[in-house]
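Peer 1: The structure that follows is given in the form of C-alpha cells.
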Amino acid sequence: MSDDKPAEKKRGFFSRLVSGLSKSSSKLGESVTAIFTKRKLDREALDELEDLLIASDLGTAAALRVTDRLARDRFDKEITDEEVRETLAEVICETLAPLEKPLQLTGTDGPHVILFVGVNGSGKTTTLGKIAVKLKREGRDPILVAGDTFRAAAIEQVSVWGERAKSPVIKREIGADAAGLAFDALEQAEREGRDTVLIDTAGRLQNKAELMDELRKIVRVIRKKNPSAPHETVLVLDGTVGSNAVSQAQAFLDAAQITGLVMTKLDGTAKGGALVQVAEKFQLPIHYIGIGEGEDDLQAFNARDFSRALAGLEG
Ligand SMILES: Nc1nc2c(ncn2[C@@H]2O[C@H](COP(=O)(O)OP(=O)(O)OP(=O)(O)O)[C@@H](O)[C@H]2O)c(=O)[nH]1
C-alpha cells in the first residue's frame, strides 16, 4: 500500500501543474487542434504551426525546432493534433531538461546565502517566503532579510512570510542601507548557527544604473563577510509578461551573476511558453515555478512534467 503513495503524490503534483498551466496549454492545445484536425502535414500547416508557437511566447528557436522535427518525421503524411502535441512536448523537454536544477544548499563555509532579484511585483518576496517555508519544513534553519528597504510594504511582506516560516526576519527602518543590513544578517546567521540566509532586494528598474549599483554593493559587502557568498543569485521572473521576460532577464544578467531562475504566476497566464524562451536564450538553470500565491504553490521544476502539461498532454 505504501508503494502507491509516491505515485499518488506524483499524480496530485501533476494535476496541480496541469490546472496551473491550463491557460497556456488550452491556448496552445486548442490552436493545434484547430490546425491539425484531419490534415496533412504540408508546408502551409507547418507555417501556421510555426506562427502559433511563436505567438505562444516559446521563442523562434524552439518553434523552428518543433516544425523541423515534424517536417523531418512526418512531412506530407496525415497527422493528428495529439501527435503534434507529443512532438511539441518532446522538443520542449529536450530544451529544458538540461536546465532542470534543484536549488542545492551545499555550502560548507558557513550559512548558505541566496540573493533574490527581479523587478517589483515579479513575485520575488513571495518566492523567498515559499522557499523559507519549504526549507524550515525540511529541517533547515533559515533567516529572511528584508533587503528591499525602499518600500514599507515589502518589509512588511517579508515579516509575514517570516511568521509563516517560523523563522527570524532581519529588517530595518525604511530607507536603511540594504548592503549593511545584509552584512549584519550574515553576521547574525553565523552567530546563531543558522544555515541559510534568504535576502530580498529592491526591484525598481526605472533607473537601471541605480539598480545595478545597489545589487553590486550588496554583493561586494556580503563578500567581505564571506568571499564565496552569495552562493546563489536567483532571478524571479513574472510569467504573465510573456516574451518581455527576455529583456528583464537581460537587464539583471548585466547587473548580477545570476545562477538560476524561478518563473512565477504560471497559473494566471496563457504565456507560460516564455519560460522556454528565456531559459534557452540565456541557458539559465530553472529551480522552481510558481503556480499560485499559497505557500505550497511553488513546484520544483520538472522539465518533463512542465512540457507535457504545457502541450496539454497526460503526465
Ligand atoms: N497567481 C500567482 N500569484 C503570485 C505568484 N507569485 C507571486 N504572486 C503574487 O504576485 C504579487 C507580487 O508578488 P511579490 O512577491 O510581492 O513580488 P515582489 O517581486 O516581491 O514585488 P515587491 O514586493 O513589490 O517588491 C503578490 O500579490 C503575490 O501574491 C504565483 O506563482 N501565482
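Letters A, B, ... go to the chains of the C-alpha cells in the order shown; residues in each chain start at 1; ligands are counted from 1 in the same order.
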Could you build a table of the residues in chain A lying no more than 8 Å from ligand 1, giving for each the nearest pair of atoms and their separation in Å rounded to one decimal place, using only C-alpha atoms and all ligand atoms, ordered by chain and ascending residue number, as CSV?

Peer 2:
```
residue,atom,partner,partner_atom_place_in_ligand_line,distance
A:Val117,CA,ligand 1,19 (O),7.9
A:Gly118,CA,ligand 1,19 (O),6.1
A:Val119,CA,ligand 1,19 (O),5.7
A:Asn120,CA,ligand 1,21 (O),3.8
A:Gly121,CA,ligand 1,21 (O),3.3
A:Ser122,CA,ligand 1,19 (O),3.8
A:Gly123,CA,ligand 1,17 (O),3.2
A:Lys124,CA,ligand 1,19 (O),3.7
A:Thr125,CA,ligand 1,20 (O),3.5
A:Thr126,CA,ligand 1,15 (O),3.6
A:Thr127,CA,ligand 1,15 (O),6.3
A:Leu128,CA,ligand 1,15 (O),7.9
A:Asp148,CA,ligand 1,25 (O),6.9
A:Arg151,CA,ligand 1,25 (O),7.7
A:Ala153,CA,ligand 1,23 (O),6.9
A:Ala154,CA,ligand 1,23 (O),4.6
A:Gln157,CA,ligand 1,23 (O),7.0
A:Asp200,CA,ligand 1,20 (O),7.6
A:Thr201,CA,ligand 1,25 (O),7.5
A:Ala202,CA,ligand 1,25 (O),6.0
A:Gly203,CA,ligand 1,25 (O),5.9
A:Val236,CA,ligand 1,19 (O),7.3
A:Asp238,CA,ligand 1,6 (N),7.8
A:Met263,CA,ligand 1,31 (O),7.6
A:Thr264,CA,ligand 1,31 (O),4.0
A:Lys265,CA,ligand 1,32 (N),3.4
A:Leu266,CA,ligand 1,31 (O),6.0
A:Asp267,CA,ligand 1,1 (N),5.6
A:Gly268,CA,ligand 1,1 (N),5.5
A:Ile289,CA,ligand 1,31 (O),7.0
A:Gly290,CA,ligand 1,31 (O),3.3
A:Ile291,CA,ligand 1,31 (O),4.1
A:Gly292,CA,ligand 1,32 (N),3.4
A:Glu293,CA,ligand 1,4 (C),4.5
A:Gly294,CA,ligand 1,29 (O),7.6
A:Asp297,CA,ligand 1,31 (O),6.5
A:Leu298,CA,ligand 1,31 (O),6.8
```

Peer 1: Next, dump the selected residues to file, keeping only N, CA and C atoms, as an mmCIF file, in the first residue's frame.

Peer 2:
```
data_model
loop_
_atom_site.group_PDB
_atom_site.id
_atom_site.type_symbol
_atom_site.label_atom_id
_atom_site.label_comp_id
_atom_site.auth_asym_id
_atom_site.auth_seq_id
_atom_site.Cartn_x
_atom_site.Cartn_y
_atom_site.Cartn_z
ATOM 1 N N VAL A 117 16.556 38.373 -6.842
ATOM 2 C CA VAL A 117 16.463 39.602 -7.621
ATOM 3 C C VAL A 117 15.329 39.489 -8.639
ATOM 4 N N GLY A 118 14.838 40.653 -9.055
ATOM 5 C CA GLY A 118 13.745 40.676 -10.038
ATOM 6 C C GLY A 118 13.010 41.997 -9.915
ATOM 7 N N VAL A 119 12.223 42.349 -10.909
ATOM 8 C CA VAL A 119 11.517 43.637 -10.841
ATOM 9 C C VAL A 119 10.419 43.576 -9.779
ATOM 10 N N ASN A 120 10.015 44.753 -9.306
ATOM 11 C CA ASN A 120 8.924 44.812 -8.331
ATOM 12 C C ASN A 120 7.692 44.128 -8.887
ATOM 13 N N GLY A 121 7.084 43.310 -8.045
ATOM 14 C CA GLY A 121 5.842 42.662 -8.452
ATOM 15 C C GLY A 121 6.062 41.352 -9.177
ATOM 16 N N SER A 122 7.319 40.951 -9.387
ATOM 17 C CA SER A 122 7.572 39.705 -10.123
ATOM 18 C C SER A 122 7.256 38.473 -9.273
ATOM 19 N N GLY A 123 7.121 38.693 -7.963
ATOM 20 C CA GLY A 123 6.849 37.550 -7.093
ATOM 21 C C GLY A 123 8.083 37.140 -6.294
ATOM 22 N N LYS A 124 9.045 38.054 -6.236
ATOM 23 C CA LYS A 124 10.316 37.809 -5.543
ATOM 24 C C LYS A 124 10.104 37.483 -4.065
ATOM 25 N N THR A 125 9.399 38.384 -3.384
ATOM 26 C CA THR A 125 9.221 38.212 -1.944
ATOM 27 C C THR A 125 8.398 36.959 -1.654
ATOM 28 N N THR A 126 7.364 36.738 -2.450
ATOM 29 C CA THR A 126 6.530 35.554 -2.265
ATOM 30 C C THR A 126 7.366 34.286 -2.463
ATOM 31 N N THR A 127 8.219 34.285 -3.476
ATOM 32 C CA THR A 127 9.062 33.119 -3.751
ATOM 33 C C THR A 127 10.036 32.877 -2.599
ATOM 34 N N LEU A 128 10.652 33.959 -2.139
ATOM 35 C CA LEU A 128 11.572 33.854 -0.994
ATOM 36 C C LEU A 128 10.828 33.232 0.202
ATOM 37 N N ASP A 148 14.644 44.884 0.518
ATOM 38 C CA ASP A 148 14.045 45.995 -0.234
ATOM 39 C C ASP A 148 13.653 47.037 0.793
ATOM 40 N N ARG A 151 10.652 50.160 0.378
ATOM 41 C CA ARG A 151 9.196 50.115 0.460
ATOM 42 C C ARG A 151 8.732 49.435 1.741
ATOM 43 N N ALA A 153 5.850 48.318 2.425
ATOM 44 C CA ALA A 153 5.025 47.127 2.165
ATOM 45 C C ALA A 153 5.904 45.898 1.932
ATOM 46 N N ALA A 154 7.063 46.107 1.310
ATOM 47 C CA ALA A 154 7.963 44.975 1.042
ATOM 48 C C ALA A 154 8.540 44.446 2.354
ATOM 49 N N GLN A 157 5.832 42.540 4.097
ATOM 50 C CA GLN A 157 5.552 41.255 3.435
ATOM 51 C C GLN A 157 6.574 40.178 3.851
ATOM 52 N N ASP A 200 16.012 39.374 0.276
ATOM 53 C CA ASP A 200 15.149 40.063 -0.687
ATOM 54 C C ASP A 200 15.885 41.331 -1.148
ATOM 55 N N THR A 201 15.614 41.774 -2.372
ATOM 56 C CA THR A 201 16.250 43.007 -2.848
ATOM 57 C C THR A 201 15.210 43.897 -3.522
ATOM 58 N N ALA A 202 15.581 45.154 -3.708
ATOM 59 C CA ALA A 202 14.681 46.087 -4.395
ATOM 60 C C ALA A 202 14.658 45.750 -5.882
ATOM 61 N N GLY A 203 13.572 46.114 -6.552
ATOM 62 C CA GLY A 203 13.486 45.743 -7.972
ATOM 63 C C GLY A 203 13.041 46.874 -8.877
ATOM 64 N N VAL A 236 13.911 36.113 -10.263
ATOM 65 C CA VAL A 236 12.491 35.773 -10.236
ATOM 66 C C VAL A 236 11.791 36.540 -11.358
ATOM 67 N N ASP A 238 8.237 37.156 -13.743
ATOM 68 C CA ASP A 238 6.782 37.064 -13.764
ATOM 69 C C ASP A 238 6.342 36.416 -15.080
ATOM 70 N N MET A 263 10.223 31.041 -12.340
ATOM 71 C CA MET A 263 9.178 31.801 -13.033
ATOM 72 C C MET A 263 7.871 31.648 -12.252
ATOM 73 N N THR A 264 7.251 32.793 -11.944
ATOM 74 C CA THR A 264 6.049 32.803 -11.102
ATOM 75 C C THR A 264 4.792 33.033 -11.938
ATOM 76 N N LYS A 265 3.666 32.899 -11.272
ATOM 77 C CA LYS A 265 2.341 33.263 -11.811
ATOM 78 C C LYS A 265 1.982 32.484 -13.072
ATOM 79 N N LEU A 266 2.534 31.288 -13.202
ATOM 80 C CA LEU A 266 2.207 30.482 -14.383
ATOM 81 C C LEU A 266 0.765 29.988 -14.332
ATOM 82 N N ASP A 267 0.116 30.184 -13.172
ATOM 83 C CA ASP A 267 -1.288 29.795 -13.043
ATOM 84 C C ASP A 267 -2.222 30.828 -13.657
ATOM 85 N N GLY A 268 -1.755 32.041 -13.878
ATOM 86 C CA GLY A 268 -2.702 33.083 -14.284
ATOM 87 C C GLY A 268 -2.456 33.578 -15.689
ATOM 88 N N ILE A 289 8.907 26.691 -10.262
ATOM 89 C CA ILE A 289 7.888 27.512 -10.907
ATOM 90 C C ILE A 289 6.795 27.804 -9.880
ATOM 91 N N GLY A 290 6.225 29.006 -9.982
ATOM 92 C CA GLY A 290 5.150 29.425 -9.076
ATOM 93 C C GLY A 290 3.814 29.225 -9.767
ATOM 94 N N ILE A 291 2.903 28.508 -9.084
ATOM 95 C CA ILE A 291 1.589 28.269 -9.690
ATOM 96 C C ILE A 291 0.466 28.689 -8.739
ATOM 97 N N GLY A 292 0.712 29.741 -7.964
ATOM 98 C CA GLY A 292 -0.317 30.252 -7.059
ATOM 99 C C GLY A 292 0.326 31.060 -5.948
ATOM 100 N N GLU A 293 -0.528 31.671 -5.118
ATOM 101 C CA GLU A 293 0.007 32.570 -4.097
ATOM 102 C C GLU A 293 0.326 31.885 -2.771
ATOM 103 N N GLY A 294 -0.206 30.673 -2.582
ATOM 104 C CA GLY A 294 -0.061 30.000 -1.290
ATOM 105 C C GLY A 294 1.320 29.418 -1.077
ATOM 106 N N ASP A 297 2.383 26.557 -3.315
ATOM 107 C CA ASP A 297 2.256 26.759 -4.767
ATOM 108 C C ASP A 297 3.589 27.063 -5.447
ATOM 109 N N LEU A 298 4.627 26.399 -4.977
ATOM 110 C CA LEU A 298 5.930 26.525 -5.625
ATOM 111 C C LEU A 298 6.389 25.106 -5.917
#
```

Peer 1: Excluding Pro285 (chain A) and residues on its chain fewer than 2 positions from it, collect all residues at most 9 Å away from it, counting only C-alpha atoms, and give them as a short mmCIF file (atom, residue, chain, number, x, y, z; two decimals) with N, CA and C atoms, in the first residue's frame.

Peer 2:
```
data_model
loop_
_atom_site.label_atom_id
_atom_site.label_comp_id
_atom_site.auth_asym_id
_atom_site.auth_seq_id
_atom_site.Cartn_x
_atom_site.Cartn_y
_atom_site.Cartn_z
N LEU A 96 14.56 21.90 -22.16
CA LEU A 96 14.59 22.30 -20.74
C LEU A 96 15.24 21.29 -19.81
N PRO A 98 18.13 19.80 -19.67
CA PRO A 98 19.47 20.11 -19.14
C PRO A 98 19.47 21.29 -18.17
N LEU A 99 18.36 22.04 -18.15
CA LEU A 99 18.32 23.23 -17.28
C LEU A 99 17.53 22.99 -16.00
N GLU A 100 17.02 21.78 -15.86
CA GLU A 100 16.27 21.43 -14.64
C GLU A 100 17.27 21.24 -13.51
N LYS A 101 17.21 22.14 -12.53
CA LYS A 101 18.24 22.06 -11.49
C LYS A 101 17.67 22.47 -10.14
N PRO A 102 17.55 21.53 -9.22
CA PRO A 102 17.05 21.90 -7.89
C PRO A 102 17.99 22.91 -7.23
N THR A 259 22.47 32.85 -11.05
CA THR A 259 22.82 31.42 -11.06
C THR A 259 21.63 30.54 -11.41
N GLY A 260 20.42 31.10 -11.37
CA GLY A 260 19.26 30.28 -11.71
C GLY A 260 18.00 31.11 -11.69
N LEU A 261 16.91 30.51 -12.15
CA LEU A 261 15.67 31.30 -12.16
C LEU A 261 14.46 30.55 -11.66
N VAL A 262 13.49 31.40 -11.26
CA VAL A 262 12.17 30.92 -10.87
C VAL A 262 11.19 31.72 -11.72
N ALA A 279 14.84 30.62 -20.66
CA ALA A 279 15.82 29.65 -20.16
C ALA A 279 16.76 29.24 -21.29
N GLN A 283 20.48 30.11 -21.23
CA GLN A 283 20.94 28.84 -20.64
C GLN A 283 20.96 28.93 -19.10
N HIS A 287 14.97 26.55 -11.23
CA HIS A 287 14.82 25.87 -9.94
C HIS A 287 13.36 25.52 -9.64
#
```

Peer 1: Could you work out how far CA of Glu50 (chain A) lies from CA of Cys93 (chain A), giving the answer in Å with one decimal?

Peer 2: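 Distance between the two atoms: 17.7 Å.
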
Peer 1: I need the residues in region 9-141 of chain A that are strand (DSSP E or B) according to DSSP; give them as an mmCIF file with N, CA and C atoms, in the first residue's frame.

Peer 2:
```cif
data_model
loop_
_atom_site.group_PDB
_atom_site.id
_atom_site.type_symbol
_atom_site.label_atom_id
_atom_site.label_comp_id
_atom_site.auth_asym_id
_atom_site.auth_seq_id
_atom_site.Cartn_x
_atom_site.Cartn_y
_atom_site.Cartn_z
ATOM 1 N N ARG A 39 -5.654 16.538 -41.128
ATOM 2 C CA ARG A 39 -4.937 17.359 -42.083
ATOM 3 C C ARG A 39 -3.595 16.737 -42.411
ATOM 4 N N LYS A 40 -3.162 16.976 -43.622
ATOM 5 C CA LYS A 40 -1.828 16.530 -43.998
ATOM 6 C C LYS A 40 -0.818 17.546 -43.489
ATOM 7 N N GLU A 78 -0.640 12.168 -43.108
ATOM 8 C CA GLU A 78 -1.735 12.555 -42.212
ATOM 9 C C GLU A 78 -1.168 12.636 -40.795
ATOM 10 N N ILE A 79 -1.604 13.623 -40.042
ATOM 11 C CA ILE A 79 -1.092 13.722 -38.671
ATOM 12 C C ILE A 79 -2.219 14.207 -37.759
ATOM 13 N N GLU A 100 17.019 21.776 -15.858
ATOM 14 C CA GLU A 100 16.267 21.431 -14.641
ATOM 15 C C GLU A 100 17.266 21.242 -13.507
ATOM 16 N N HIS A 112 24.470 29.333 3.966
ATOM 17 C CA HIS A 112 24.296 29.388 2.515
ATOM 18 C C HIS A 112 23.474 30.643 2.208
ATOM 19 N N VAL A 113 24.041 31.504 1.370
ATOM 20 C CA VAL A 113 23.399 32.809 1.145
ATOM 21 C C VAL A 113 22.734 32.844 -0.235
ATOM 22 N N ILE A 114 21.441 33.145 -0.248
ATOM 23 C CA ILE A 114 20.708 33.220 -1.517
ATOM 24 C C ILE A 114 20.120 34.622 -1.671
ATOM 25 N N LEU A 115 20.495 35.247 -2.783
ATOM 26 C CA LEU A 115 20.000 36.598 -3.092
ATOM 27 C C LEU A 115 18.868 36.456 -4.102
ATOM 28 N N PHE A 116 17.746 37.134 -3.850
ATOM 29 C CA PHE A 116 16.616 37.080 -4.779
ATOM 30 C C PHE A 116 16.525 38.407 -5.501
ATOM 31 N N VAL A 117 16.556 38.373 -6.842
ATOM 32 C CA VAL A 117 16.463 39.602 -7.621
ATOM 33 C C VAL A 117 15.329 39.489 -8.639
#
```

Peer 1: Check region 43-257 of chain A with DSSP on the backbone and list each residue it calls alpha helix (DSSP H), as a count of residues only.

Peer 2: 116

Peer 1: List the spatial neighbours of region 162-178 of chain A as a ChimeraX atom specification - criterion: any atom at most 7 Å away, only C-alpha atoms, same-chain residues fewer than 5 positions off excluded.

Peer 2: /A:132-133,136,142-152,155,185,218

Peer 1: Which is closest to Gln248 (chain A) among A:Val278, A:Val234, A:Ile222, A:Leu64, if we use only C-alpha atoms?

Peer 2: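 Counting only C-alpha atoms, the residue closest to Gln248 (chain A) is A:Val278.
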
Peer 1: Extract, using only C-alpha atoms, all DNA, RNA and protein residues at most 12 Å from Glu187 (chain A), discarding same-chain residues fewer than 2 positions from it, and format them as a list in words.

Peer 2: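 So the residues in contact are Gly110, Pro111, Val113, Ile143, Ile170, Gly180, Leu181, Ala182, Phe183, Asp184, Ala185, Ala189, Glu190, Arg191, Glu192, Gly193, Arg194, Asp195, Thr196, Val197, Val221, Ile222, Arg223, Lys224, Lys225 and Asn226 of chain A.
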
Peer 1: Take the residues just selected and output them with N, CA and C atoms as a PDB file, in the first residue's frame.

Peer 2:
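For reference, again.pdb as written:
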```
ATOM      1  N   GLY A 110      29.926  28.091   6.129  1.00  0.00           N
ATOM      2  CA  GLY A 110      29.025  28.980   6.873  1.00  0.00           C
ATOM      3  C   GLY A 110      27.665  28.992   6.221  1.00  0.00           C
ATOM      4  N   PRO A 111      26.795  29.921   6.634  1.00  0.00           N
ATOM      5  CA  PRO A 111      25.429  29.930   6.105  1.00  0.00           C
ATOM      6  C   PRO A 111      25.408  30.049   4.585  1.00  0.00           C
ATOM      7  N   VAL A 113      24.041  31.504   1.370  1.00  0.00           N
ATOM      8  CA  VAL A 113      23.399  32.809   1.145  1.00  0.00           C
ATOM      9  C   VAL A 113      22.734  32.844  -0.235  1.00  0.00           C
ATOM     10  N   ILE A 143      17.145  32.358   7.842  1.00  0.00           N
ATOM     11  CA  ILE A 143      16.675  33.683   8.252  1.00  0.00           C
ATOM     12  C   ILE A 143      16.357  34.472   6.987  1.00  0.00           C
ATOM     13  N   ILE A 170      15.260  39.719   9.451  1.00  0.00           N
ATOM     14  CA  ILE A 170      16.151  40.833   9.742  1.00  0.00           C
ATOM     15  C   ILE A 170      15.658  42.025   8.937  1.00  0.00           C
ATOM     16  N   GLY A 180      24.343  47.081   4.158  1.00  0.00           N
ATOM     17  CA  GLY A 180      24.687  46.994   5.583  1.00  0.00           C
ATOM     18  C   GLY A 180      23.785  45.999   6.296  1.00  0.00           C
ATOM     19  N   LEU A 181      22.530  46.045   5.919  1.00  0.00           N
ATOM     20  CA  LEU A 181      21.554  45.122   6.503  1.00  0.00           C
ATOM     21  C   LEU A 181      21.931  43.670   6.177  1.00  0.00           C
ATOM     22  N   ALA A 182      22.308  43.436   4.915  1.00  0.00           N
ATOM     23  CA  ALA A 182      22.676  42.076   4.502  1.00  0.00           C
ATOM     24  C   ALA A 182      23.918  41.602   5.265  1.00  0.00           C
ATOM     25  N   PHE A 183      24.881  42.503   5.440  1.00  0.00           N
ATOM     26  CA  PHE A 183      26.109  42.176   6.183  1.00  0.00           C
ATOM     27  C   PHE A 183      25.759  41.756   7.613  1.00  0.00           C
ATOM     28  N   ASP A 184      24.933  42.569   8.254  1.00  0.00           N
ATOM     29  CA  ASP A 184      24.530  42.268   9.637  1.00  0.00           C
ATOM     30  C   ASP A 184      23.792  40.936   9.708  1.00  0.00           C
ATOM     31  N   ALA A 185      22.991  40.670   8.678  1.00  0.00           N
ATOM     32  CA  ALA A 185      22.221  39.422   8.669  1.00  0.00           C
ATOM     33  C   ALA A 185      23.154  38.218   8.607  1.00  0.00           C
ATOM     34  N   ALA A 189      23.459  35.376  11.352  1.00  0.00           N
ATOM     35  CA  ALA A 189      23.263  33.967  10.981  1.00  0.00           C
ATOM     36  C   ALA A 189      24.433  33.118  11.487  1.00  0.00           C
ATOM     37  N   GLU A 190      25.643  33.649  11.326  1.00  0.00           N
ATOM     38  CA  GLU A 190      26.823  32.919  11.802  1.00  0.00           C
ATOM     39  C   GLU A 190      26.802  32.754  13.316  1.00  0.00           C
ATOM     40  N   ARG A 191      26.493  33.869  13.959  1.00  0.00           N
ATOM     41  CA  ARG A 191      26.474  33.873  15.429  1.00  0.00           C
ATOM     42  C   ARG A 191      25.458  32.871  15.968  1.00  0.00           C
ATOM     43  N   GLU A 192      24.305  32.822  15.317  1.00  0.00           N
ATOM     44  CA  GLU A 192      23.219  31.968  15.820  1.00  0.00           C
ATOM     45  C   GLU A 192      23.260  30.559  15.220  1.00  0.00           C
ATOM     46  N   GLY A 193      24.254  30.298  14.373  1.00  0.00           N
ATOM     47  CA  GLY A 193      24.396  28.966  13.777  1.00  0.00           C
ATOM     48  C   GLY A 193      23.299  28.628  12.779  1.00  0.00           C
ATOM     49  N   ARG A 194      22.751  29.626  12.106  1.00  0.00           N
ATOM     50  CA  ARG A 194      21.693  29.356  11.110  1.00  0.00           C
ATOM     51  C   ARG A 194      22.351  28.924   9.803  1.00  0.00           C
ATOM     52  N   ASP A 195      21.611  28.090   9.048  1.00  0.00           N
ATOM     53  CA  ASP A 195      22.280  27.524   7.866  1.00  0.00           C
ATOM     54  C   ASP A 195      21.971  28.237   6.553  1.00  0.00           C
ATOM     55  N   THR A 196      20.919  29.062   6.515  1.00  0.00           N
ATOM     56  CA  THR A 196      20.549  29.676   5.237  1.00  0.00           C
ATOM     57  C   THR A 196      20.122  31.130   5.437  1.00  0.00           C
ATOM     58  N   VAL A 197      20.593  31.990   4.555  1.00  0.00           N
ATOM     59  CA  VAL A 197      20.198  33.410   4.610  1.00  0.00           C
ATOM     60  C   VAL A 197      19.523  33.755   3.286  1.00  0.00           C
ATOM     61  N   VAL A 221      29.574  43.892  -0.336  1.00  0.00           N
ATOM     62  CA  VAL A 221      29.602  43.974   1.124  1.00  0.00           C
ATOM     63  C   VAL A 221      29.467  42.584   1.757  1.00  0.00           C
ATOM     64  N   ILE A 222      28.569  41.747   1.198  1.00  0.00           N
ATOM     65  CA  ILE A 222      28.459  40.419   1.837  1.00  0.00           C
ATOM     66  C   ILE A 222      29.709  39.565   1.578  1.00  0.00           C
ATOM     67  N   ARG A 223      30.431  39.885   0.489  1.00  0.00           N
ATOM     68  CA  ARG A 223      31.681  39.128   0.236  1.00  0.00           C
ATOM     69  C   ARG A 223      32.755  39.464   1.265  1.00  0.00           C
ATOM     70  N   LYS A 224      32.624  40.629   1.880  1.00  0.00           N
ATOM     71  CA  LYS A 224      33.589  40.959   2.946  1.00  0.00           C
ATOM     72  C   LYS A 224      33.405  39.995   4.102  1.00  0.00           C
ATOM     73  N   LYS A 225      32.181  39.559   4.267  1.00  0.00           N
ATOM     74  CA  LYS A 225      31.874  38.632   5.364  1.00  0.00           C
ATOM     75  C   LYS A 225      32.214  37.200   4.941  1.00  0.00           C
ATOM     76  N   ASN A 226      31.829  36.866   3.701  1.00  0.00           N
ATOM     77  CA  ASN A 226      32.123  35.515   3.181  1.00  0.00           C
ATOM     78  C   ASN A 226      32.415  35.637   1.681  1.00  0.00           C
TER      79      ASN A 226
END
```

Peer 1: So how far away is CA of Leu103 (chain A) from CA of Phe306 (chain A), in Å?

Peer 2: 17.3 Å

Peer 1: Enter the distance from CA of Ser228 (chain A) to CA of Val158 (chain A), in Å, rounded to one decimal.

Peer 2: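 Computed distance, CA of Ser228 (chain A) to CA of Val158 (chain A), equals 24.9 Å.
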
Peer 1: Taking 2 positions as the minimum chain separation for residues in the same chain, which residues sit within 7 Å of Lys271 (chain A) when counting only C-alpha atoms? Answer as a PyMOL selection string.

Peer 2: chain A and resi 24+56-57+239-240+242+269+273-274

Peer 1: With only C-alpha atoms as the counted atoms, please give the residues lying no more than 12 Å from Ala61 (chain A), apart from itself and same-chain residues fewer than 3 positions off, as a list in words.

Peer 2: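 The filter keeps Glu50, Leu53, Ile54, Asp57, Leu58, Leu64, Arg65, Val66, Thr67, Asp68, Val91, Ile92, Thr95, Val276, Gln277, Val278, Ala279, Glu280 and Lys281 of chain A.
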
Peer 1: Out of A:Ala245, A:Ala270, A:Leu186, A:Leu275, which residue has the shortest atom-to-atom distance to Leu28 (chain A) when counting only C-alpha atoms?

Peer 2: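 Of A:Ala245, A:Ala270, A:Leu186, A:Leu275, the one nearest Leu28 (chain A) is A:Ala270, counting only C-alpha atoms.
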